[in-house]
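Asker: Submitted below is the structure of interest, expressed as structure tokens.
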Amino acid sequence: MENNEFYIDLNTPEFESAYRELLAYAMRYCRDRDEAEEVVSDTILAYVRDVRAGKTIRNLTGYLHTVFANRYRDRLRRKYRNPTVSDDGSILELIPDDGELLSAEEEQRRQDEIAVRRALGRLARLHREVLYRHYMLGHSVERIAAELDVPEGTVKWRLHEGRGKLKADMERMNDMQKPYGENSYAPKWLSMSIWGSASRRGEPFSCLNSLLAENILIVAYKKPINVSDLAAALGVPAAYVESEVRQLIKGELMGKTSKGLVYTRMYISSFEEALGDIEKQTLAAEALAEPLWEIIHKAFEPLMASDATAHFNEKQKATLWLYLILRSMSEIHDWNLTNETQLFEPYLRPNGGSWMASGIYREQRVGRHHLETSGPYCCRHETKDGKVYGMNDYQSLFGDAHWAYERLSERFSMQEVCAFYASLTPAKISSASERIYTEVEAFEKLHILRRNEAGEVVLDIPYMDYDAYHPFAVKLNESLSKVKDLLMPYVRWLEGEWVNDVPDYVDGRELYLHQGALKCLTVLTMKAIVDKGLLPVPVKVGETPIIVVFYGDSM
């Protein structure tokens with residue numbers, strides 16, 4: 001006969017919060033996670049027994065910590081049960097009385113209970129829910145069938161199949177030195193970028209909101225996997241993994257096969273793979289530096305000596321030169337990418353976005369590699385009175401740009417940052433947020449702003465009227481054919497040397513076959529040009545952020 005009065009709900013927000021705090025508390029005392037989880041499990045069982053016995057617990061967290069401390073001391077006593085001689089007798093405190101010792105049979109039963117609970121947590125919901133209801137709650141097959149709205153025969157089959165999976169899982173775990181996969185004790189850190197535009201609700205970025213979600217995508221990338229094995233690899237109960245997987249499937253970062261296996265739809269690479277073969281790219285950059293500079297210098301030298309840049313200091317001129325080199329190489333890179341993928345377009349998503357996602361994972365959260373780049377981050381805005389302003393913002397080793405904005409004391413959108421820059425141009429055509437003016441000192445440290453002789457805050461990056469920049473844009477287009485002829489042999493060589501193993505089910509697979517092959521080529525070529533002293537103005541690497549601001553009348 002069932003007795004519902006003994007059922008205790010451990011899924012309340014209060015208990016889950018107390019449990020997470022207890023586990024963190026336990027990790028400070030135990031040498032590894034397995035040991036911590038075992039003692040915590042004993043603590044939870046003690047809580048259940050006390051509640052069933054009618055004990056009133058007013059301070060849940062304090063109660064759990066006290067019981068944990070007692071259980072942990074008991075564990076130490078059992079560990080040091082053999083007599084030990086000590087001059088001061090302190091070690092003898094760890095030796096339990098004979099009555100406190102567990103028999104070998106009791107200890108084995110306790111360990112078996114812990115193993116069963118762990119294995120049950122790793123099962124998929126289909127089998128876990130019937131095993132839990134039948135064996136933990138004592139529900140009958142008839143009641144379970146009614147609660148789940150399935151035939152009784154289905155419940156019996158799931159119980160039979162679940163017991164088999166439970167047994168197999170426990171046997172497998174006994175054969176393993178480490179009960180979980182590497183991602184359970186050494187999680188990876190995944191950063192994501194997209195080609196295209198996110199949805200109105202922020203997908204896919206809003207789907208990647210936890211370390212668990214990041215590692216689910218990493219583990220399920222190489223080949224489809226069932227949720228139970230995925231949970232085992234992560235060392236997390238399947239119930240928590242299932243919830244995350246459902247959200248990732250809904251957000252179209254994951255998919256599911258007809259047999260119930262799940263897989264990652266976005267391209268993922270390790271940080272090392274994302275940078276490609278740096279040695280080969282360096283060789284190409286060294287060979288490209290002088291002939292590329294000859295093309296760029298010949299095309300733009302007259303314009304750099306015109307009235308368009310008369311108000312620039314040497315640093316601003318150096319930045320504009322770097323920007324022109326970067327733009328010319330990026331145009332050819334983008335042309336090559338488009339050509340290789342036959343005008344491949346981002347997938348149109350049901351959630352309103354149109355994007356293709358890719359990710360890079362690291363072994364731990366560390367500082368960024370000096371060759372990592374990002375951008376361009378392009379921003380453009382038109383005012384009500386017919387004025388327009390914008391910027392192109394590149395993160396590189398030459399100076400911090402949009403990555404650094406996250407380190408400001410307040411969070412500002414790129415639109416707010418762009419408006420701030422535009423307000424400092426001679427046109428002063430934007431109305432920037434008053435809050436951002438409190439960050440002037442931070443922008444000075446980023447070498448984006450400076451003080452003039454009168455002590456006024458001015459831009460230390462290039463700023464140009466759109467009309468003044470137009471001849472530069474025309475000349476850039478005219479020089480691209482020469483840049484393309486120079487670059488393409490190196491592009492083909494590097495791509496031929498670098499081919500990624502991309503699973504067939506990754507969205508836009510062909511887009512990523514050579515991903516990373518050219519990742520560092522542009523910045524390495526720019527650095528080679530600077531290191532060879534080819535630019536007519538000095539460049540301080542790390543203090544020359546490549547940001548250009550534009551303004552003028554709207555067309």
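Here, A, B, ... name the chains of the structure tokens in the order displayed, residue numbers run from 1 inside each chain, and ligands are numbered from 1 in the same displayed order.
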Report as JSON lines the residues of stretch 248-341 of chain A within 7 Å of stretch 505-511 of chain A, each with its shortest atom pair and distance in Å (one decimal), using only C-alpha atoms, ordered by chain and increasing residue number.

Answerer:
```
{"residue": "A:Thr264", "atom": "CA", "partner": "A:Val506", "partner_atom": "CA", "distance": 7.0}
{"residue": "A:Arg265", "atom": "CA", "partner": "A:Val506", "partner_atom": "CA", "distance": 4.4}
{"residue": "A:Met266", "atom": "CA", "partner": "A:Val506", "partner_atom": "CA", "distance": 5.4}
{"residue": "A:Tyr267", "atom": "CA", "partner": "A:Val506", "partner_atom": "CA", "distance": 6.0}
{"residue": "A:Thr341", "atom": "CA", "partner": "A:Leu511", "partner_atom": "CA", "distance": 6.1}
```

Asker: Do you have, as JSON lines, the list of residues of stretch 433-511 of chain A lying at most 8 Å from stretch 399-411 of chain A, each with its nearest atom pair and that distance in Å to one decimal, counting only C-alpha atoms and ordered by chain then number?

Answerer:
```
{"residue": "A:Glu439", "atom": "CA", "partner": "A:Leu408", "partner_atom": "CA", "distance": 7.2}
{"residue": "A:Ala442", "atom": "CA", "partner": "A:Leu408", "partner_atom": "CA", "distance": 7.1}
{"residue": "A:Leu446", "atom": "CA", "partner": "A:Asp400", "partner_atom": "CA", "distance": 6.4}
{"residue": "A:His447", "atom": "CA", "partner": "A:Gly399", "partner_atom": "CA", "distance": 7.9}
```

Asker: Just want the 7 Å neighbourhood of stretch 277-282 of chain A, counted on only C-alpha atoms, with same-chain residues fewer than 4 positions away dropped. Output as JSON, numbers by chain.

Answerer: {"A": [286, 517, 520, 521, 524]}

Asker: Stretch 221-230 of chain A: which residues within 6 Å, counting only C-alpha atoms, same-chain residues fewer than 5 positions away excluded, as an MDAnalysis selection string?

Answerer: chainID A and resid 122:124 261:264

Asker: Report as a PDB file with all heavy atoms, in the first residue's frame all protein, DNA and RNA residues lying within 12 Å of A:Glu314, evaluated on only C-alpha atoms, omitting residues in the same chain fewer than 2 positions from it.

Answerer:
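Result went into around_32.pdb, see below:
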```pdb
ATOM      1  N   MET A 304      46.726  60.472 -48.741  1.00  0.00           N
ATOM      2  CA  MET A 304      47.189  60.663 -47.370  1.00  0.00           C
ATOM      3  C   MET A 304      47.889  62.013 -47.206  1.00  0.00           C
ATOM      4  O   MET A 304      48.020  62.505 -46.075  1.00  0.00           O
ATOM      5  CB  MET A 304      48.133  59.524 -46.971  1.00  0.00           C
ATOM      6  CG  MET A 304      47.440  58.179 -46.812  1.00  0.00           C
ATOM      7  SD  MET A 304      46.270  58.115 -45.418  1.00  0.00           S
ATOM      8  CE  MET A 304      47.398  58.144 -44.039  1.00  0.00           C
ATOM      9  N   THR A 309      43.406  64.525 -44.642  1.00  0.00           N
ATOM     10  CA  THR A 309      44.083  64.058 -43.422  1.00  0.00           C
ATOM     11  C   THR A 309      44.956  65.142 -42.802  1.00  0.00           C
ATOM     12  O   THR A 309      45.778  64.836 -41.932  1.00  0.00           O
ATOM     13  CB  THR A 309      44.961  62.830 -43.741  1.00  0.00           C
ATOM     14  OG1 THR A 309      45.982  63.214 -44.677  1.00  0.00           O
ATOM     15  CG2 THR A 309      44.135  61.695 -44.328  1.00  0.00           C
ATOM     16  N   ALA A 310      44.775  66.386 -43.218  1.00  0.00           N
ATOM     17  CA  ALA A 310      45.632  67.476 -42.720  1.00  0.00           C
ATOM     18  C   ALA A 310      45.514  67.668 -41.209  1.00  0.00           C
ATOM     19  O   ALA A 310      46.456  68.109 -40.546  1.00  0.00           O
ATOM     20  CB  ALA A 310      45.292  68.783 -43.446  1.00  0.00           C
ATOM     21  N   HIS A 311      44.343  67.354 -40.652  1.00  0.00           N
ATOM     22  CA  HIS A 311      44.125  67.546 -39.219  1.00  0.00           C
ATOM     23  C   HIS A 311      44.580  66.344 -38.390  1.00  0.00           C
ATOM     24  O   HIS A 311      44.452  66.350 -37.171  1.00  0.00           O
ATOM     25  CB  HIS A 311      42.643  67.811 -38.943  1.00  0.00           C
ATOM     26  CG  HIS A 311      41.741  66.694 -39.379  1.00  0.00           C
ATOM     27  ND1 HIS A 311      41.464  66.436 -40.701  1.00  0.00           N
ATOM     28  CD2 HIS A 311      41.044  65.768 -38.656  1.00  0.00           C
ATOM     29  CE1 HIS A 311      40.629  65.411 -40.788  1.00  0.00           C
ATOM     30  NE2 HIS A 311      40.369  64.985 -39.557  1.00  0.00           N
ATOM     31  N   PHE A 312      45.129  65.307 -39.027  1.00  0.00           N
ATOM     32  CA  PHE A 312      45.560  64.112 -38.303  1.00  0.00           C
ATOM     33  C   PHE A 312      46.942  64.302 -37.697  1.00  0.00           C
ATOM     34  O   PHE A 312      47.824  64.920 -38.316  1.00  0.00           O
ATOM     35  CB  PHE A 312      45.620  62.896 -39.243  1.00  0.00           C
ATOM     36  CG  PHE A 312      44.273  62.349 -39.646  1.00  0.00           C
ATOM     37  CD1 PHE A 312      44.196  61.293 -40.538  1.00  0.00           C
ATOM     38  CD2 PHE A 312      43.098  62.872 -39.138  1.00  0.00           C
ATOM     39  CE1 PHE A 312      42.979  60.774 -40.918  1.00  0.00           C
ATOM     40  CE2 PHE A 312      41.864  62.370 -39.517  1.00  0.00           C
ATOM     41  CZ  PHE A 312      41.804  61.320 -40.405  1.00  0.00           C
ATOM     42  N   GLN A 316      47.118  59.076 -35.784  1.00  0.00           N
ATOM     43  CA  GLN A 316      45.895  58.934 -36.567  1.00  0.00           C
ATOM     44  C   GLN A 316      46.216  58.531 -38.010  1.00  0.00           C
ATOM     45  O   GLN A 316      45.497  57.723 -38.605  1.00  0.00           O
ATOM     46  CB  GLN A 316      45.101  60.243 -36.526  1.00  0.00           C
ATOM     47  CG  GLN A 316      44.466  60.524 -35.163  1.00  0.00           C
ATOM     48  CD  GLN A 316      43.931  61.924 -35.051  1.00  0.00           C
ATOM     49  OE1 GLN A 316      44.618  62.904 -35.365  1.00  0.00           O
ATOM     50  NE2 GLN A 316      42.688  62.049 -34.598  1.00  0.00           N
ATOM     51  N   LYS A 317      47.295  59.075 -38.558  1.00  0.00           N
ATOM     52  CA  LYS A 317      47.698  58.662 -39.904  1.00  0.00           C
ATOM     53  C   LYS A 317      48.131  57.198 -39.922  1.00  0.00           C
ATOM     54  O   LYS A 317      47.801  56.445 -40.851  1.00  0.00           O
ATOM     55  CB  LYS A 317      48.833  59.561 -40.405  1.00  0.00           C
ATOM     56  CG  LYS A 317      48.403  60.978 -40.739  1.00  0.00           C
ATOM     57  CD  LYS A 317      49.562  61.783 -41.288  1.00  0.00           C
ATOM     58  CE  LYS A 317      49.106  63.199 -41.673  1.00  0.00           C
ATOM     59  NZ  LYS A 317      50.204  64.033 -42.213  1.00  0.00           N
ATOM     60  N   ALA A 318      48.861  56.792 -38.874  1.00  0.00           N
ATOM     61  CA  ALA A 318      49.289  55.391 -38.790  1.00  0.00           C
ATOM     62  C   ALA A 318      48.071  54.476 -38.724  1.00  0.00           C
ATOM     63  O   ALA A 318      48.015  53.421 -39.375  1.00  0.00           O
ATOM     64  CB  ALA A 318      50.173  55.183 -37.562  1.00  0.00           C
ATOM     65  N   THR A 319      47.056  54.892 -37.955  1.00  0.00           N
ATOM     66  CA  THR A 319      45.841  54.095 -37.838  1.00  0.00           C
ATOM     67  C   THR A 319      45.129  53.969 -39.179  1.00  0.00           C
ATOM     68  O   THR A 319      44.648  52.883 -39.547  1.00  0.00           O
ATOM     69  CB  THR A 319      44.885  54.725 -36.806  1.00  0.00           C
ATOM     70  OG1 THR A 319      45.552  54.858 -35.555  1.00  0.00           O
ATOM     71  CG2 THR A 319      43.636  53.870 -36.626  1.00  0.00           C
ATOM     72  N   LEU A 320      45.065  55.068 -39.920  1.00  0.00           N
ATOM     73  CA  LEU A 320      44.388  55.022 -41.215  1.00  0.00           C
ATOM     74  C   LEU A 320      45.137  54.135 -42.196  1.00  0.00           C
ATOM     75  O   LEU A 320      44.522  53.396 -42.976  1.00  0.00           O
ATOM     76  CB  LEU A 320      44.238  56.442 -41.782  1.00  0.00           C
ATOM     77  CG  LEU A 320      43.396  56.557 -43.066  1.00  0.00           C
ATOM     78  CD1 LEU A 320      42.006  55.961 -42.860  1.00  0.00           C
ATOM     79  CD2 LEU A 320      43.300  58.009 -43.513  1.00  0.00           C
ATOM     80  N   TRP A 321      46.474  54.185 -42.163  1.00  0.00           N
ATOM     81  CA  TRP A 321      47.251  53.286 -43.021  1.00  0.00           C
ATOM     82  C   TRP A 321      46.934  51.817 -42.676  1.00  0.00           C
ATOM     83  O   TRP A 321      46.711  50.997 -43.574  1.00  0.00           O
ATOM     84  CB  TRP A 321      48.753  53.539 -42.840  1.00  0.00           C
ATOM     85  CG  TRP A 321      49.345  54.641 -43.662  1.00  0.00           C
ATOM     86  CD1 TRP A 321      49.959  55.770 -43.205  1.00  0.00           C
ATOM     87  CD2 TRP A 321      49.396  54.716 -45.095  1.00  0.00           C
ATOM     88  NE1 TRP A 321      50.386  56.551 -44.253  1.00  0.00           N
ATOM     89  CE2 TRP A 321      50.054  55.927 -45.432  1.00  0.00           C
ATOM     90  CE3 TRP A 321      48.940  53.897 -46.133  1.00  0.00           C
ATOM     91  CZ2 TRP A 321      50.271  56.326 -46.752  1.00  0.00           C
ATOM     92  CZ3 TRP A 321      49.162  54.292 -47.452  1.00  0.00           C
ATOM     93  CH2 TRP A 321      49.822  55.493 -47.742  1.00  0.00           C
ATOM     94  N   ASP A 460      41.551  60.491 -30.670  1.00  0.00           N
ATOM     95  CA  ASP A 460      42.922  60.166 -31.067  1.00  0.00           C
ATOM     96  C   ASP A 460      42.906  59.049 -32.105  1.00  0.00           C
ATOM     97  O   ASP A 460      43.883  58.329 -32.279  1.00  0.00           O
ATOM     98  CB  ASP A 460      43.744  59.748 -29.848  1.00  0.00           C
ATOM     99  CG  ASP A 460      45.237  59.945 -30.068  1.00  0.00           C
ATOM    100  OD1 ASP A 460      45.611  60.760 -30.930  1.00  0.00           O
ATOM    101  OD2 ASP A 460      46.037  59.276 -29.372  1.00  0.00           O
ATOM    102  N   ILE A 461      41.771  58.857 -32.760  1.00  0.00           N
ATOM    103  CA  ILE A 461      41.592  57.904 -33.859  1.00  0.00           C
ATOM    104  C   ILE A 461      41.137  58.705 -35.085  1.00  0.00           C
ATOM    105  O   ILE A 461      40.656  59.832 -34.949  1.00  0.00           O
ATOM    106  CB  ILE A 461      40.547  56.828 -33.501  1.00  0.00           C
ATOM    107  CG1 ILE A 461      39.238  57.493 -33.037  1.00  0.00           C
ATOM    108  CG2 ILE A 461      41.081  55.876 -32.451  1.00  0.00           C
ATOM    109  CD1 ILE A 461      38.130  56.535 -32.697  1.00  0.00           C
ATOM    110  N   PRO A 462      41.291  58.169 -36.273  1.00  0.00           N
ATOM    111  CA  PRO A 462      40.896  58.925 -37.473  1.00  0.00           C
ATOM    112  C   PRO A 462      39.391  59.190 -37.513  1.00  0.00           C
ATOM    113  O   PRO A 462      38.589  58.328 -37.164  1.00  0.00           O
ATOM    114  CB  PRO A 462      41.304  58.003 -38.633  1.00  0.00           C
ATOM    115  CG  PRO A 462      42.290  57.056 -38.051  1.00  0.00           C
ATOM    116  CD  PRO A 462      41.904  56.872 -36.625  1.00  0.00           C
ATOM    117  N   LEU A 535      55.987  51.623 -43.084  1.00  0.00           N
ATOM    118  CA  LEU A 535      55.065  52.750 -42.969  1.00  0.00           C
ATOM    119  C   LEU A 535      55.831  54.067 -42.791  1.00  0.00           C
ATOM    120  O   LEU A 535      56.868  54.099 -42.118  1.00  0.00           O
ATOM    121  CB  LEU A 535      54.106  52.560 -41.794  1.00  0.00           C
ATOM    122  CG  LEU A 535      52.755  51.911 -42.135  1.00  0.00           C
ATOM    123  CD1 LEU A 535      52.955  50.473 -42.577  1.00  0.00           C
ATOM    124  CD2 LEU A 535      51.815  51.965 -40.948  1.00  0.00           C
ATOM    125  N   PRO A 536      55.331  55.150 -43.371  1.00  0.00           N
ATOM    126  CA  PRO A 536      56.025  56.444 -43.270  1.00  0.00           C
ATOM    127  C   PRO A 536      55.848  57.121 -41.912  1.00  0.00           C
ATOM    128  O   PRO A 536      56.446  58.167 -41.657  1.00  0.00           O
ATOM    129  CB  PRO A 536      55.388  57.280 -44.384  1.00  0.00           C
ATOM    130  CG  PRO A 536      54.023  56.697 -44.549  1.00  0.00           C
ATOM    131  CD  PRO A 536      54.166  55.237 -44.279  1.00  0.00           C
ATOM    132  N   VAL A 537      55.002  56.560 -41.059  1.00  0.00           N
ATOM    133  CA  VAL A 537      54.776  57.099 -39.723  1.00  0.00           C
ATOM    134  C   VAL A 537      54.944  55.970 -38.709  1.00  0.00           C
ATOM    135  O   VAL A 537      54.706  54.797 -39.026  1.00  0.00           O
ATOM    136  CB  VAL A 537      53.366  57.720 -39.591  1.00  0.00           C
ATOM    137  CG1 VAL A 537      53.295  59.052 -40.298  1.00  0.00           C
ATOM    138  CG2 VAL A 537      52.302  56.776 -40.138  1.00  0.00           C
ATOM    139  N   PRO A 538      55.379  56.300 -37.489  1.00  0.00           N
ATOM    140  CA  PRO A 538      55.595  55.244 -36.484  1.00  0.00           C
ATOM    141  C   PRO A 538      54.295  54.636 -35.993  1.00  0.00           C
ATOM    142  O   PRO A 538      53.264  55.301 -35.924  1.00  0.00           O
ATOM    143  CB  PRO A 538      56.325  55.986 -35.361  1.00  0.00           C
ATOM    144  CG  PRO A 538      55.886  57.404 -35.501  1.00  0.00           C
ATOM    145  CD  PRO A 538      55.733  57.639 -36.976  1.00  0.00           C
ATOM    146  N   VAL A 539      54.360  53.355 -35.647  1.00  0.00           N
ATOM    147  CA  VAL A 539      53.212  52.629 -35.105  1.00  0.00           C
ATOM    148  C   VAL A 539      53.635  51.968 -33.799  1.00  0.00           C
ATOM    149  O   VAL A 539      54.647  51.272 -33.758  1.00  0.00           O
ATOM    150  CB  VAL A 539      52.713  51.535 -36.077  1.00  0.00           C
ATOM    151  CG1 VAL A 539      51.633  50.684 -35.410  1.00  0.00           C
ATOM    152  CG2 VAL A 539      52.173  52.158 -37.347  1.00  0.00           C
ATOM    153  N   LYS A 540      52.872  52.205 -32.758  1.00  0.00           N
ATOM    154  CA  LYS A 540      53.109  51.538 -31.490  1.00  0.00           C
ATOM    155  C   LYS A 540      52.117  50.387 -31.361  1.00  0.00           C
ATOM    156  O   LYS A 540      50.914  50.607 -31.197  1.00  0.00           O
ATOM    157  CB  LYS A 540      52.938  52.513 -30.324  1.00  0.00           C
ATOM    158  CG  LYS A 540      54.031  53.568 -30.226  1.00  0.00           C
ATOM    159  CD  LYS A 540      53.868  54.401 -28.958  1.00  0.00           C
ATOM    160  CE  LYS A 540      54.989  55.426 -28.832  1.00  0.00           C
ATOM    161  NZ  LYS A 540      54.848  56.250 -27.594  1.00  0.00           N
ATOM    162  N   THR A 544      47.613  51.453 -30.810  1.00  0.00           N
ATOM    163  CA  THR A 544      47.051  52.018 -32.034  1.00  0.00           C
ATOM    164  C   THR A 544      45.778  51.262 -32.417  1.00  0.00           C
ATOM    165  O   THR A 544      45.747  50.514 -33.403  1.00  0.00           O
ATOM    166  CB  THR A 544      48.080  51.941 -33.187  1.00  0.00           C
ATOM    167  OG1 THR A 544      49.354  52.361 -32.722  1.00  0.00           O
ATOM    168  CG2 THR A 544      47.657  52.826 -34.356  1.00  0.00           C
TER     169      THR A 544
END
```

Asker: So, with only C-alpha atoms as the atoms that count, which of A:Pro503, A:Pro471, A:Gly196, A:Gly375 lies closest to A:Gly352?

Answerer: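 With only C-alpha atoms as the atom set, the closest residue is A:Gly196.
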
Asker: For A:Tyr421, which of A:Leu397, A:Ile44, A:Phe550, A:Leu487 is the closest residue, counting only C-alpha atoms?

Answerer: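 That would be A:Phe550, the residue with the smallest distance to A:Tyr421.
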
Asker: Mind giving me the straight-line distance from atom CA of A:Ala422 to atom CA of A:Val457 in Å, one decimal?

Answerer: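 For atom CA of A:Ala422 relative to atom CA of A:Val457, the distance reads 12.8 Å.
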
Asker: Atom CA of A:Ala357 and atom CA of A:Met192 are how many Å apart?

Answerer: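 About the pair atom CA of A:Ala357 and atom CA of A:Met192: they are 6.9 Å apart.
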
Asker: What is the atom CA of A:Pro291 to atom CA of A:Asp393 distance in Å?

Answerer: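 One can read the atom CA of A:Pro291 to atom CA of A:Asp393 distance as 26.1 Å.
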
Asker: Would you kindly return, as number ranges by chain, each protein, DNA or RNA residue with an atom no farther than 9 Å from any atom of A:Tyr377, considering only C-alpha atoms and excluding same-chain residues fewer than 5 positions away?

Answerer: A: 391-395, 402, 414

Asker: Calculated over only C-alpha atoms, which of the candidates A:Leu131, A:Ile547, A:Ala53, A:Met464 has the smallest distance to A:Val155?

Answerer: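 Using only C-alpha atoms, the shortest distance to A:Val155 belongs to A:Leu131.
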
Asker: For stretch 242-248 of chain A, please output as a PDB file with N, CA and C atoms, in the first residue's frame all residues within 10 Å (counting only C-alpha atoms; exclusion window: fewer than 5 positions along the same chain).

Answerer:
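So the final result, stored in around.pdb, reads:
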```pdb
ATOM      1  N   ALA A 124      18.214   8.392 -18.925  1.00  0.00           N
ATOM      2  CA  ALA A 124      17.324   9.326 -19.616  1.00  0.00           C
ATOM      3  C   ALA A 124      15.957   9.329 -18.937  1.00  0.00           C
ATOM      4  N   ARG A 125      15.204  10.374 -19.195  1.00  0.00           N
ATOM      5  CA  ARG A 125      13.931  10.577 -18.512  1.00  0.00           C
ATOM      6  C   ARG A 125      12.969   9.407 -18.717  1.00  0.00           C
ATOM      7  N   GLU A 203      18.459  34.770 -30.009  1.00  0.00           N
ATOM      8  CA  GLU A 203      19.030  33.495 -30.427  1.00  0.00           C
ATOM      9  C   GLU A 203      20.038  33.729 -31.552  1.00  0.00           C
ATOM     10  N   PRO A 204      21.129  32.985 -31.583  1.00  0.00           N
ATOM     11  CA  PRO A 204      21.427  31.834 -30.714  1.00  0.00           C
ATOM     12  C   PRO A 204      22.167  32.191 -29.422  1.00  0.00           C
ATOM     13  N   SER A 206      21.327  33.782 -26.761  1.00  0.00           N
ATOM     14  CA  SER A 206      20.557  33.588 -25.539  1.00  0.00           C
ATOM     15  C   SER A 206      20.466  32.117 -25.141  1.00  0.00           C
ATOM     16  N   CYS A 207      20.758  31.200 -26.065  1.00  0.00           N
ATOM     17  CA  CYS A 207      20.707  29.764 -25.749  1.00  0.00           C
ATOM     18  C   CYS A 207      21.957  29.298 -25.009  1.00  0.00           C
ATOM     19  N   LEU A 208      23.026  30.051 -25.151  1.00  0.00           N
ATOM     20  CA  LEU A 208      24.305  29.639 -24.571  1.00  0.00           C
ATOM     21  C   LEU A 208      24.540  30.440 -23.298  1.00  0.00           C
ATOM     22  N   ASN A 209      23.797  30.099 -22.246  1.00  0.00           N
ATOM     23  CA  ASN A 209      23.812  30.909 -21.038  1.00  0.00           C
ATOM     24  C   ASN A 209      24.370  30.198 -19.819  1.00  0.00           C
ATOM     25  N   SER A 210      25.059  29.073 -20.011  1.00  0.00           N
ATOM     26  CA  SER A 210      25.635  28.363 -18.866  1.00  0.00           C
ATOM     27  C   SER A 210      26.819  27.519 -19.321  1.00  0.00           C
ATOM     28  N   LEU A 212      27.235  24.508 -18.476  1.00  0.00           N
ATOM     29  CA  LEU A 212      26.687  23.201 -18.833  1.00  0.00           C
ATOM     30  C   LEU A 212      26.286  23.179 -20.300  1.00  0.00           C
ATOM     31  N   ALA A 213      25.589  24.208 -20.766  1.00  0.00           N
ATOM     32  CA  ALA A 213      25.168  24.266 -22.168  1.00  0.00           C
ATOM     33  C   ALA A 213      26.383  24.269 -23.090  1.00  0.00           C
ATOM     34  N   GLU A 214      27.423  24.996 -22.715  1.00  0.00           N
ATOM     35  CA  GLU A 214      28.627  25.055 -23.540  1.00  0.00           C
ATOM     36  C   GLU A 214      29.247  23.676 -23.698  1.00  0.00           C
ATOM     37  N   ILE A 216      27.801  20.717 -23.214  1.00  0.00           N
ATOM     38  CA  ILE A 216      26.897  19.818 -23.948  1.00  0.00           C
ATOM     39  C   ILE A 216      27.188  19.913 -25.440  1.00  0.00           C
ATOM     40  N   LEU A 217      27.307  21.135 -25.946  1.00  0.00           N
ATOM     41  CA  LEU A 217      27.593  21.336 -27.370  1.00  0.00           C
ATOM     42  C   LEU A 217      28.941  20.739 -27.754  1.00  0.00           C
ATOM     43  N   VAL A 227      21.307  10.893 -24.517  1.00  0.00           N
ATOM     44  CA  VAL A 227      21.345  11.822 -23.387  1.00  0.00           C
ATOM     45  C   VAL A 227      21.992  11.185 -22.167  1.00  0.00           C
ATOM     46  N   SER A 228      21.797   9.886 -21.980  1.00  0.00           N
ATOM     47  CA  SER A 228      22.394   9.217 -20.816  1.00  0.00           C
ATOM     48  C   SER A 228      23.918   9.266 -20.877  1.00  0.00           C
ATOM     49  N   LEU A 230      25.647  11.347 -22.615  1.00  0.00           N
ATOM     50  CA  LEU A 230      26.013  12.757 -22.535  1.00  0.00           C
ATOM     51  C   LEU A 230      26.079  13.198 -21.076  1.00  0.00           C
ATOM     52  N   ALA A 231      25.085  12.784 -20.292  1.00  0.00           N
ATOM     53  CA  ALA A 231      25.061  13.118 -18.870  1.00  0.00           C
ATOM     54  C   ALA A 231      26.246  12.495 -18.134  1.00  0.00           C
ATOM     55  N   PRO A 237      23.408  14.770 -13.520  1.00  0.00           N
ATOM     56  CA  PRO A 237      22.188  13.964 -13.697  1.00  0.00           C
ATOM     57  C   PRO A 237      21.492  14.279 -15.011  1.00  0.00           C
ATOM     58  N   LEU A 253      20.685  25.077 -32.145  1.00  0.00           N
ATOM     59  CA  LEU A 253      22.116  24.816 -32.000  1.00  0.00           C
ATOM     60  C   LEU A 253      22.376  23.316 -31.939  1.00  0.00           C
ATOM     61  N   MET A 254      21.316  22.526 -31.670  1.00  0.00           N
ATOM     62  CA  MET A 254      21.425  21.074 -31.640  1.00  0.00           C
ATOM     63  C   MET A 254      20.290  20.472 -32.461  1.00  0.00           C
ATOM     64  N   GLY A 255      20.463  19.204 -32.816  1.00  0.00           N
ATOM     65  CA  GLY A 255      19.430  18.460 -33.512  1.00  0.00           C
ATOM     66  C   GLY A 255      19.263  17.095 -32.876  1.00  0.00           C
ATOM     67  N   LYS A 256      18.261  16.335 -33.352  1.00  0.00           N
ATOM     68  CA  LYS A 256      17.971  15.025 -32.778  1.00  0.00           C
ATOM     69  C   LYS A 256      17.664  14.039 -33.896  1.00  0.00           C
ATOM     70  N   VAL A 262      21.308  12.923 -29.927  1.00  0.00           N
ATOM     71  CA  VAL A 262      21.400  14.369 -30.116  1.00  0.00           C
ATOM     72  C   VAL A 262      22.789  14.721 -30.650  1.00  0.00           C
ATOM     73  N   TYR A 263      22.861  15.829 -31.377  1.00  0.00           N
ATOM     74  CA  TYR A 263      24.123  16.248 -31.987  1.00  0.00           C
ATOM     75  C   TYR A 263      24.159  17.765 -32.097  1.00  0.00           C
ATOM     76  N   THR A 264      25.356  18.291 -32.218  1.00  0.00           N
ATOM     77  CA  THR A 264      25.568  19.739 -32.290  1.00  0.00           C
ATOM     78  C   THR A 264      25.565  20.190 -33.745  1.00  0.00           C
ATOM     79  N   ARG A 265      24.762  21.217 -34.041  1.00  0.00           N
ATOM     80  CA  ARG A 265      24.621  21.692 -35.419  1.00  0.00           C
ATOM     81  C   ARG A 265      25.604  22.814 -35.769  1.00  0.00           C
TER      82      ARG A 265
END
```

Asker: If you run DSSP on the backbone here, which positions in stretch 337-439 of chain A get strand (DSSP E or B)? Please write them as a PyMOL selection string.

Answerer: chain A and resi 347-348+354-362+374-382+387-396+399
